[in-house]
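Below is upload.txt, which holds compact mmCIF, C-alpha atoms.
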```txt
# COMPACT_ATOMS: atom_id res chain seq x y z
CA MET A 829 0.00 0.00 0.00
CA ARG A 830 1.15 3.55 -0.67
CA LYS A 831 -0.10 6.64 1.11
CA ASP A 832 1.51 9.49 -0.84
CA ASP A 833 5.22 9.01 0.00
CA LEU A 834 4.57 6.56 2.85
CA TYR A 835 4.82 2.88 1.90
CA ILE A 836 3.03 0.37 4.12
CA THR A 837 3.61 -3.39 4.04
CA VAL A 838 0.51 -5.43 4.81
CA PRO A 839 1.14 -8.81 6.55
CA SER A 840 -0.07 -11.56 4.19
CA PHE A 841 -2.22 -13.27 6.84
CA PHE A 842 -4.18 -10.02 7.29
CA ARG A 843 -5.43 -10.29 3.69
CA CYS A 844 -8.56 -12.20 2.71
CA PRO A 845 -7.64 -15.08 0.31
CA ILE A 846 -10.62 -14.11 -1.87
CA SER A 847 -10.56 -10.30 -2.06
CA LEU A 848 -6.86 -9.88 -1.15
CA ASP A 849 -7.88 -6.85 0.93
CA VAL A 850 -7.23 -6.40 4.68
CA MET A 851 -9.99 -8.29 6.49
CA LYS A 852 -12.54 -6.24 8.42
CA SER A 853 -14.37 -9.17 10.02
CA PRO A 854 -12.21 -12.33 9.86
CA VAL A 855 -14.08 -15.65 10.18
CA SER A 856 -12.84 -19.24 9.88
CA LEU A 857 -14.36 -22.21 8.06
CA CYS A 858 -14.24 -25.77 9.38
CA THR A 859 -11.11 -26.27 7.25
CA GLY A 860 -9.23 -23.74 9.44
CA VAL A 861 -8.81 -21.15 6.67
CA THR A 862 -9.81 -17.59 7.57
CA TYR A 863 -11.65 -15.21 5.21
CA ASP A 864 -13.28 -11.82 5.41
CA ARG A 865 -16.95 -12.44 6.34
CA SER A 866 -18.44 -10.53 3.40
CA SER A 867 -16.25 -12.34 0.83
CA ILE A 868 -16.84 -15.89 2.08
CA GLN A 869 -20.54 -15.24 2.59
CA ARG A 870 -20.89 -14.26 -1.10
CA TRP A 871 -19.01 -17.43 -2.05
CA LEU A 872 -21.38 -19.61 -0.04
CA ASP A 873 -24.50 -17.71 -1.14
CA SER A 874 -23.50 -18.47 -4.74
CA GLY A 875 -24.14 -22.16 -4.04
CA ASN A 876 -20.55 -23.27 -3.43
CA ASN A 877 -19.95 -25.95 -0.76
CA THR A 878 -16.15 -26.03 -0.81
CA CYS A 879 -13.35 -24.07 0.84
CA PRO A 880 -12.02 -21.61 -1.81
CA ALA A 881 -8.41 -22.02 -0.70
CA THR A 882 -8.24 -25.81 -0.26
CA MET A 883 -11.25 -26.88 -2.39
CA GLN A 884 -12.21 -29.30 0.39
CA VAL A 885 -15.93 -30.12 0.70
CA LEU A 886 -17.33 -28.34 3.74
CA GLN A 887 -18.87 -30.56 6.42
CA THR A 888 -20.55 -27.44 7.83
CA LYS A 889 -20.98 -23.90 6.58
CA ASP A 890 -20.72 -22.33 10.04
CA LEU A 891 -18.52 -19.22 10.22
CA VAL A 892 -16.47 -18.88 13.43
CA PRO A 893 -15.21 -15.36 14.27
CA ASN A 894 -11.42 -15.21 14.56
CA HIS A 895 -11.15 -12.75 17.46
CA THR A 896 -7.39 -13.11 17.87
CA LEU A 897 -6.69 -12.17 14.26
CA GLN A 898 -9.20 -9.33 14.42
CA ARG A 899 -7.42 -7.92 17.48
CA LEU A 900 -4.03 -8.13 15.72
CA ILE A 901 -5.43 -6.36 12.65
CA ARG A 902 -6.88 -3.61 14.86
CA ILE A 903 -3.53 -3.05 16.58
CA TRP A 904 -1.74 -2.96 13.23
CA SER A 905 -4.33 -0.55 11.75
CA ASP A 906 -3.95 1.83 14.71
CA SER A 907 -0.20 1.79 14.21
CA VAL A 908 -0.55 2.55 10.49
CA ARG A 909 -2.92 5.43 11.20
CA THR A 910 -0.39 6.86 13.64
CA GLN A 911 2.37 6.62 11.02
CA ILE A 912 0.22 8.32 8.39
CA SER A 913 -0.75 11.07 10.83
CA ALA A 914 2.88 11.66 11.79
CA ALA A 915 3.97 11.72 8.15
CA GLU A 916 1.25 14.22 7.24
CA SER A 917 2.12 16.35 10.28
CA ASN A 918 5.80 16.38 9.28
CA ARG A 919 4.85 17.33 5.74
CA VAL A 920 2.73 20.22 7.01
CA ASN A 921 5.37 21.41 9.48
CA SER A 922 8.33 20.81 7.17
CA ILE A 923 10.40 23.84 6.29
CA SER A 924 13.01 24.39 3.61
CA ARG A 925 16.68 25.14 4.20
CA ASP A 926 16.14 28.70 3.01
CA GLN A 927 13.45 29.07 5.66
CA VAL A 928 15.82 27.63 8.28
CA LEU A 929 18.46 30.17 7.34
CA GLU A 930 15.88 32.95 7.65
CA LEU A 931 14.64 31.59 11.00
CA ILE A 932 18.15 31.64 12.45
CA LYS A 933 18.76 35.17 11.19
CA GLN A 934 15.49 36.33 12.78
CA PHE A 935 16.32 34.45 15.97
CA VAL A 936 19.73 36.13 16.29
CA SER A 937 18.33 39.54 15.36
CA ASP A 938 15.41 39.35 17.80
CA PHE A 939 17.70 38.22 20.61
CA ARG A 940 19.10 41.75 20.78
CA ILE A 941 15.55 43.08 21.28
CA HIS A 942 13.78 40.26 23.18
CA THR A 943 16.14 38.42 25.51
CA GLU A 944 13.33 36.20 26.84
CA LEU A 945 12.96 32.79 25.22
CA GLU A 946 9.17 33.16 24.99
CA ALA A 947 9.60 35.69 22.20
CA ASN A 948 11.58 33.15 20.19
CA SER A 949 10.13 29.80 21.35
CA ASP A 950 8.18 29.14 18.14
CA ARG A 951 11.27 29.63 15.96
CA LEU A 952 13.35 27.49 18.30
CA SER A 953 10.78 24.67 18.19
CA LYS A 954 10.78 24.71 14.37
CA LEU A 955 14.57 24.67 14.22
CA LEU A 956 14.76 21.80 16.69
CA ALA A 957 12.20 19.77 14.73
CA PHE A 958 14.10 20.42 11.49
CA SER A 959 17.41 19.38 13.08
CA GLU A 960 15.97 16.10 14.34
CA GLU A 961 14.61 15.05 10.93
CA SER A 962 17.98 13.83 9.63
CA PRO A 963 21.74 14.02 10.24
CA GLU A 964 22.01 16.16 7.10
CA ASN A 965 19.60 18.72 8.56
CA LEU A 966 21.51 18.72 11.82
CA ARG A 967 24.82 19.37 10.08
CA PHE A 968 23.18 22.16 8.08
CA VAL A 969 21.90 23.92 11.21
CA ALA A 970 25.27 23.42 12.94
CA SER A 971 27.18 24.97 10.04
CA ILE A 972 24.92 28.06 10.09
CA ALA A 973 25.05 28.23 13.89
CA VAL A 974 28.85 28.64 13.87
CA GLU A 975 28.65 31.52 11.41
CA SER A 976 25.76 33.29 13.17
CA ASP A 977 26.72 32.91 16.86
CA PHE A 978 23.54 30.88 17.32
CA LEU A 979 25.33 28.42 19.62
CA ALA A 980 26.62 31.26 21.76
CA ILE A 981 23.08 32.62 22.07
CA LEU A 982 21.73 29.24 23.17
CA THR A 983 24.51 29.05 25.75
CA SER A 984 23.57 32.53 26.95
CA PHE A 985 19.97 31.37 27.39
CA LEU A 986 21.20 28.47 29.51
CA VAL A 987 23.41 30.73 31.62
CA HIS A 988 20.60 33.18 32.37
CA ASN A 989 17.91 30.56 33.01
CA PRO A 990 19.55 28.00 35.35
CA LYS A 991 16.37 27.38 37.36
CA ASN A 992 13.83 27.65 34.56
CA LEU A 993 13.92 23.97 33.63
CA LYS A 994 11.14 24.31 31.03
CA VAL A 995 13.32 26.76 29.12
CA VAL A 996 16.41 24.59 29.60
CA GLU A 997 14.61 21.46 28.41
CA LYS A 998 13.68 23.21 25.16
CA ILE A 999 17.21 24.38 24.51
CA VAL A 1000 19.43 21.49 25.61
CA PRO A 1001 18.70 18.97 22.79
CA LEU A 1002 19.71 21.43 20.06
CA TRP A 1003 22.51 22.87 22.18
CA LYS A 1004 23.95 19.38 22.69
CA MET A 1005 23.71 18.53 18.99
CA LEU A 1006 25.42 21.77 18.01
CA LEU A 1007 28.14 21.27 20.62
CA GLU A 1008 28.93 17.87 19.11
CA ARG A 1009 29.25 19.24 15.58
CA SER A 1010 30.53 22.79 15.97
CA SER A 1011 34.19 23.75 15.63
CA SER A 1012 33.59 26.45 18.27
CA ALA A 1013 32.14 23.96 20.75
CA SER A 1014 35.25 23.83 22.95
CA LYS A 1015 35.24 27.62 23.31
CA ILE A 1016 31.57 27.60 24.35
CA ALA A 1017 32.03 24.63 26.69
CA LYS A 1018 34.76 26.48 28.60
CA ALA A 1019 32.26 29.11 29.70
CA SER A 1020 32.04 28.10 33.38
CA ASP A 1021 28.93 30.27 33.82
CA VAL A 1022 26.89 27.45 32.27
CA TYR A 1023 27.95 24.90 34.91
CA PRO A 1024 25.28 25.88 37.50
CA THR A 1025 22.63 25.20 34.86
CA ILE A 1026 24.17 21.80 34.14
CA ILE A 1027 24.21 20.83 37.84
CA ASN A 1028 20.66 22.08 38.48
CA SER A 1029 19.37 20.21 35.41
CA LEU A 1030 20.96 16.98 36.66
CA LYS A 1031 19.56 17.45 40.16
CA ASN A 1032 16.04 18.62 39.41
CA GLY A 1033 15.30 18.03 35.72
CA SER A 1034 13.07 15.43 34.10
CA SER A 1035 14.54 12.11 32.96
CA LYS A 1036 14.64 13.41 29.41
CA LEU A 1037 16.53 16.56 30.40
CA ARG A 1038 18.94 14.60 32.60
CA ILE A 1039 19.76 12.19 29.77
CA GLU A 1040 20.35 15.03 27.28
CA MET A 1041 22.47 16.95 29.79
CA THR A 1042 24.61 13.96 30.79
CA LYS A 1043 25.29 13.27 27.11
CA ALA A 1044 26.29 16.90 26.59
CA LEU A 1045 28.45 16.70 29.70
CA GLU A 1046 30.12 13.52 28.44
CA PHE A 1047 31.01 15.28 25.20
CA ILE A 1048 32.41 18.33 27.03
CA THR A 1049 34.54 16.30 29.46
CA SER A 1050 35.83 13.91 26.80
CA THR A 1051 36.87 16.58 24.30
CA ASP A 1052 38.03 19.49 26.43
CA SER A 1053 40.63 18.87 29.15
CA GLU A 1054 40.32 22.40 30.54
CA ALA A 1055 36.54 22.09 30.89
CA LYS A 1056 36.95 18.64 32.46
CA SER A 1057 39.42 19.99 35.00
CA SER A 1058 37.12 22.87 35.86
CA LEU A 1059 34.00 20.71 36.16
CA SER A 1060 35.79 18.09 38.25
CA GLU A 1061 36.19 20.59 41.08
CA ASN A 1062 32.42 20.62 41.62
CA SER A 1063 31.80 18.13 44.45
CA ASP A 1064 28.05 17.96 43.76
CA LEU A 1065 28.66 16.61 40.27
CA TYR A 1066 29.97 13.23 41.45
CA SER A 1067 27.19 12.51 43.93
CA VAL A 1068 24.50 13.48 41.40
CA LEU A 1069 25.95 11.33 38.61
CA VAL A 1070 26.49 8.37 40.97
CA SER A 1071 22.90 8.62 42.22
CA PHE A 1072 21.62 7.79 38.72
CA SER A 1073 22.93 4.23 39.26
CA THR A 1074 20.76 3.70 42.35
CA ILE A 1075 18.40 0.79 41.72
CA ASN A 1076 14.89 1.93 42.67
CA SER A 1077 11.50 2.54 41.07
CA ASN A 1078 12.86 5.59 39.21
CA TRP A 1079 15.91 3.79 37.80
CA ASN A 1080 16.50 4.55 34.12
CA PRO A 1081 19.14 2.38 32.34
CA GLU A 1082 19.69 4.97 29.59
CA LEU A 1083 20.31 7.67 32.20
CA MET A 1084 22.63 5.36 34.13
CA GLU A 1085 24.64 4.55 30.99
CA SER A 1086 25.11 8.20 30.04
CA SER A 1087 26.07 9.10 33.63
CA ILE A 1088 28.59 6.21 33.81
CA SER A 1089 30.14 7.49 30.56
CA CYS A 1090 30.53 10.92 32.20
CA LEU A 1091 32.11 9.38 35.29
CA ILE A 1092 34.56 7.38 33.16
CA SER A 1093 35.60 10.59 31.41
CA LEU A 1094 36.07 12.37 34.75
CA ALA A 1095 37.93 9.38 36.22
CA MET A 1096 40.56 9.62 33.49
CA LEU A 1097 42.03 12.32 35.76
CA ARG A 1098 43.60 10.29 38.58
CA ARG A 1099 42.76 12.83 41.28
CA ASN A 1100 39.06 12.45 40.54
CA ARG A 1101 38.96 8.75 41.44
CA VAL A 1102 39.10 9.43 45.17
CA LYS A 1103 36.20 11.88 44.75
CA LEU A 1104 34.21 9.11 43.08
CA VAL A 1105 34.87 6.78 46.00
CA LYS A 1106 33.80 9.46 48.51
CA ALA A 1107 30.58 9.94 46.49
CA GLY A 1108 29.71 6.26 47.11
CA ALA A 1109 30.43 5.02 43.59
CA VAL A 1110 31.67 1.55 44.61
CA LYS A 1111 28.69 0.75 46.83
CA THR A 1112 26.04 2.15 44.46
CA ILE A 1113 27.47 0.87 41.19
CA GLY A 1114 28.46 -2.45 42.76
CA LYS A 1115 24.90 -3.03 43.90
CA ALA A 1116 23.60 -2.25 40.42
CA LEU A 1117 26.10 -4.70 38.94
CA SER A 1118 25.04 -7.48 41.31
CA THR A 1119 21.26 -6.97 41.32
CA ALA A 1120 20.14 -5.43 38.00
CA GLU A 1121 20.08 -6.62 34.37
CA LEU A 1122 22.32 -3.97 32.88
CA GLY A 1123 22.85 -5.14 29.31
CA THR A 1124 26.17 -5.65 27.55
CA GLY A 1125 27.11 -2.04 26.79
CA LEU A 1126 26.28 -0.76 30.26
CA THR A 1127 28.04 -3.68 31.98
CA ASP A 1128 31.19 -2.98 29.93
CA LYS A 1129 31.14 0.64 31.08
CA VAL A 1130 30.45 -0.20 34.73
CA LEU A 1131 33.41 -2.60 34.83
CA ARG A 1132 35.61 -0.05 33.07
CA LEU A 1133 34.74 2.53 35.74
CA LEU A 1134 35.39 0.05 38.57
CA GLU A 1135 38.73 -0.80 36.94
CA LEU A 1136 39.72 2.88 37.06
CA ILE A 1137 38.57 3.15 40.68
CA SER A 1138 40.61 0.08 41.63
CA THR A 1139 43.82 1.93 40.74
CA CYS A 1140 43.60 4.18 43.82
CA LYS A 1141 44.07 3.02 47.42
CA GLU A 1142 40.67 4.28 48.60
CA GLY A 1143 38.95 2.51 45.71
CA ARG A 1144 40.68 -0.80 46.44
CA VAL A 1145 39.70 -0.62 50.11
CA GLU A 1146 36.04 -0.03 49.20
CA LEU A 1147 36.05 -2.83 46.63
CA CYS A 1148 37.69 -5.33 49.00
CA ASN A 1149 35.17 -4.50 51.73
CA ASP A 1150 32.27 -5.07 49.34
CA GLY A 1151 32.20 -8.84 48.89
CA ASP A 1152 28.98 -8.74 46.84
CA CYS A 1153 30.58 -6.38 44.35
CA VAL A 1154 33.70 -8.58 43.98
CA GLN A 1155 31.53 -11.68 43.49
CA ALA A 1156 29.45 -9.83 40.88
CA ILE A 1157 32.67 -8.94 39.03
CA VAL A 1158 33.70 -12.62 39.02
CA LYS A 1159 30.32 -13.63 37.58
CA LYS A 1160 30.79 -11.29 34.61
CA VAL A 1161 33.96 -13.09 33.49
CA LEU A 1162 33.25 -14.94 30.20
CA LYS A 1163 29.52 -14.10 30.45
CA VAL A 1164 29.05 -10.64 28.94
CA SER A 1165 31.68 -9.68 26.36
CA ASN A 1166 35.43 -9.84 25.74
CA GLU A 1167 35.72 -6.24 26.88
CA ALA A 1168 33.83 -6.94 30.11
CA THR A 1169 36.00 -10.00 30.80
CA GLU A 1170 39.17 -7.96 30.31
CA HIS A 1171 38.00 -5.24 32.71
CA ALA A 1172 36.83 -7.80 35.29
CA VAL A 1173 40.09 -9.79 35.21
CA THR A 1174 42.12 -6.58 35.52
CA ILE A 1175 40.16 -5.60 38.65
CA LEU A 1176 40.55 -9.06 40.22
CA TRP A 1177 44.26 -9.17 39.37
CA SER A 1178 44.73 -5.73 40.93
CA LEU A 1179 42.97 -6.72 44.17
CA CYS A 1180 44.19 -10.31 44.55
CA CYS A 1181 47.67 -10.33 42.98
CA LEU A 1182 49.05 -6.83 42.97
CA PHE A 1183 47.81 -5.88 46.44
CA ARG A 1184 47.25 -9.38 47.89
CA ASP A 1185 44.04 -8.49 49.69
CA HIS A 1186 42.74 -11.52 51.60
CA LYS A 1187 39.12 -10.30 51.70
CA ALA A 1188 39.05 -10.01 47.92
CA GLN A 1189 40.67 -13.43 47.56
CA GLU A 1190 38.01 -14.97 49.81
CA SER A 1191 35.20 -13.33 47.82
CA VAL A 1192 36.65 -14.64 44.55
CA ALA A 1193 36.98 -18.15 46.03
CA LYS A 1194 33.37 -18.09 47.31
CA SER A 1195 32.06 -17.24 43.84
CA ASN A 1196 33.86 -20.20 42.19
CA GLY A 1197 36.42 -17.81 40.73
CA MET A 1198 39.10 -20.47 40.29
CA ALA A 1199 36.91 -22.42 37.85
CA LYS A 1200 36.33 -19.22 35.85
CA ILE A 1201 40.08 -18.57 35.74
CA LEU A 1202 40.78 -22.10 34.49
CA LEU A 1203 38.17 -21.68 31.74
CA LEU A 1204 39.68 -18.34 30.81
CA LEU A 1205 43.13 -19.89 30.42
CA GLN A 1206 41.66 -22.40 27.97
CA SER A 1207 39.98 -19.67 25.92
CA ASN A 1208 41.42 -17.59 23.09
CA CYS A 1209 41.93 -14.50 25.28
CA PRO A 1210 44.55 -11.76 24.68
CA PRO A 1211 48.08 -12.42 26.04
CA ALA A 1212 47.78 -9.72 28.73
CA VAL A 1213 44.53 -11.22 30.04
CA ARG A 1214 46.02 -14.72 29.93
CA GLN A 1215 49.00 -13.58 32.01
CA MET A 1216 46.76 -11.96 34.63
CA ALA A 1217 44.65 -15.14 34.78
CA ALA A 1218 47.80 -17.22 35.25
CA ASP A 1219 48.91 -14.92 38.09
CA LEU A 1220 45.51 -15.29 39.75
CA LEU A 1221 45.69 -19.05 39.44
CA LYS A 1222 49.09 -19.07 41.17
CA VAL A 1223 47.70 -17.04 44.07
CA PHE A 1224 44.78 -19.41 44.60
CA ARG A 1225 46.96 -22.51 44.24
CA VAL A 1226 49.32 -21.13 46.91
CA ASN A 1227 46.34 -20.40 49.15
CA LEU A 1228 44.93 -23.88 48.58
CA LYS A 1229 48.34 -25.45 49.27
CA ALA A 1230 48.71 -23.45 52.48
CA ALA A 1231 45.21 -24.40 53.58
CA SER A 1232 45.91 -28.05 52.74
CA CYS A 1233 49.16 -28.02 54.75
CA LEU A 1234 47.40 -26.42 57.69
CA SER A 1235 44.64 -29.02 57.51
CA THR A 1236 47.18 -31.89 57.32
CA SER A 1237 49.10 -30.48 60.26
CA TYR A 1238 45.91 -30.18 62.27
CA ASP A 1239 44.86 -33.75 61.43
CA THR A 1240 48.32 -35.07 62.42
CA LYS A 1241 48.20 -33.32 65.75
CA THR A 1242 44.67 -34.53 66.35
CA THR A 1243 45.68 -38.12 65.63
CA HIS A 1244 48.07 -38.08 68.62
CA ILE A 1245 45.31 -37.39 71.11
CA MET A 1246 42.74 -39.73 69.66
CA PRO A 1247 42.11 -42.81 71.84
CA PHE A 1248 42.28 -45.08 68.82
```
Give the structure from this file in structure tokens form.
Amino acid sequence: MRKDDLYITVPSFFRCPISLDVMKSPVSLCTGVTYDRSSIQRWLDSGNNTCPATMQVLQTKDLVPNHTLQRLIRIWSDSVRTQISAAESNRVNSISRDQVLELIKQFVSDFRIHTELEANSDRLSKLLAFSEESPENLRFVASIAVESDFLAILTSFLVHNPKNLKVVEKIVPLWKMLLERSSSASKIAKASDVYPTIINSLKNGSSKLRIEMTKALEFITSTDSEAKSSLSENSDLYSVLVSFSTINSNWNPELMESSISCLISLAMLRRNRVKLVKAGAVKTIGKALSTAELGTGLTDKVLRLLELISTCKEGRVELCNDGDCVQAIVKKVLKVSNEATEHAVTILWSLCCLFRDHKAQESVAKSNGMAKILLLLQSNCPPAVRQMAADLLKVFRVNLKAASCLSTSYDTKTTHIMPF
């Protein structure tokens, strides 16, 4: 089917075998074949006593409504209507590139007269809708934005409206997209005046705003070392980002993933890792790792962050004291991805081999870690991972040997005092 420029594929079992149209009232014959009621009724009224599809003689001409198929067709029809409506709406609201250029010029010009967003909200909404239609549109708007200071104006709106989250929520999606594609993005991102708006959006914004803002923050911290250094001095930032990993009724995996990406970027500066520990990252993220279904990509990132945290003394202490977290790390070995396995083994090697922590060694042993290590040594893992696994195996063999010697010594001494 074609509705103007929208092509719709009709599932074959939604079509009547007689009329080939989508069935309005599907009914089944005794042969099990389903037809549209009006079509099969005409067939039968014409004196036929066979099934049109199979040509079998009908034992009965009763028509049984197929409610399941009718419900599926209704759901599909509603979906098609929604698609058609959206396509028509986009066609009505669609604007040309010349109109976009004019909108941006008017937006910049009016900013000098009306500094409130309300005076420009309609233009901003149209520009945002145009940018989201395709990557090409987005690049087009970004290229004009650089030349017209449009990005700087959006940043100015953010700076002057830190508590007006409705205004911020309108601006941030386009602001983020322009940051990612503008050559002047680093200059804009260094404007520390915008940081209060970022923090307030993360603390008090909607889930949508928080996700957009964490993604913008990830871009800023991963591409601009000066901005990262400046942002990392804000103590509130760590606790807010860590809180998005708390498993509760408001937990949002997309928000957690974008916040973990931000934390990884911040943790690339060694001095920030202690701040992460103080913000409760090990306890919160460790609980998420052990209790929630995180998905492959998110698990990879969580283990990467824990690996970075394990390189500082405070992080190792927290990890070693959290047996559940260590056991959860062991369970991810060979179960998620090669990347996750590499991060997990590095953490375990750091705790058990490099720093010889007995609590961590006990947690690994309790979670059948030695069997995992043996399996890993038999797999086609990278040389570095294989070496760490071999080191871990040596540690546990030494521990087992020591325990065995202690047990033998105890049994020998006990034998001397036994009456038999």
Non-local contacts of Ser853 of chain A (7 Å; only C-alpha atoms; under 5 positions in same chain excluded) as a PyMOL selection string = chain A and resi 864-865+898
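Atom CA of Val1192 of chain A to atom CA of Leu1122 of chain A spans 21.3 Å [interatomic distance, one decimal].
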How many Å lie between atom CA of Gln1215 of chain A and atom CA of Ala1116 of chain A, rounded to one decimal?
-> 29.1 Å
Given all atoms listed in the file, how would the per-residue table for segment 1038-1140 of chain A near segment 1173-1177 of chain A read, listing every residue at most 9 Å away with its closest atom pair and distance in Å to one decimal, sorted by chain and number, as a tab-separated table?
```
residue	atom	partner	partner_atom	distance
A:Leu1131	CA	A:Ile1175	CA	8.3
A:Leu1134	CA	A:Ile1175	CA	7.4
A:Glu1135	CA	A:Ile1175	CA	5.3
A:Leu1136	CA	A:Ile1175	CA	8.6
A:Ser1138	CA	A:Ile1175	CA	6.4
A:Thr1139	CA	A:Ile1175	CA	8.6
```
Keeping C-alpha atoms for every residue in the selection just given, could you write it to a file as an mmCIF file, keeping the file's coordinate frame?
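For reference, again.cif as written:
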```cif
data_model
loop_
_atom_site.group_PDB
_atom_site.id
_atom_site.type_symbol
_atom_site.label_atom_id
_atom_site.label_comp_id
_atom_site.auth_asym_id
_atom_site.auth_seq_id
_atom_site.Cartn_x
_atom_site.Cartn_y
_atom_site.Cartn_z
ATOM 1 C CA LEU A 1131 33.410 -2.600 34.830
ATOM 2 C CA LEU A 1134 35.390 0.050 38.570
ATOM 3 C CA GLU A 1135 38.730 -0.800 36.940
ATOM 4 C CA LEU A 1136 39.720 2.880 37.060
ATOM 5 C CA SER A 1138 40.610 0.080 41.630
ATOM 6 C CA THR A 1139 43.820 1.930 40.740
#
```
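Among the candidates A:Leu966, A:Val1022, A:Leu1002, A:Leu1117, the one nearest to Asn989 of chain A when counting all atoms listed in the file is A:Val1022.
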Once you count all atoms listed in the file, which residues end up no further than 12 Å from (-17.0, -15.0, 2.0) in the file's frame, shown as a VMD selection string?
-> chain A and resid 844 to 848 851 to 857 861 to 881 889 to 891
Which neighbours of Ala973 of chain A fall inside 10 Å, counting all atoms listed in the file, when residues of the same chain fewer than 6 positions from it are skipped, and could you give them as a ChimeraX atom specification?
-> /A:929,932-933,936,967,979-982,1006,1010,1012
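Proximity to Arg1098 of chain A was assessed for A:Ser1060, A:Ala1218, A:Leu1037, A:Thr1042 counting all atoms listed in the file; the smallest distance is recorded for A:Ser1060.
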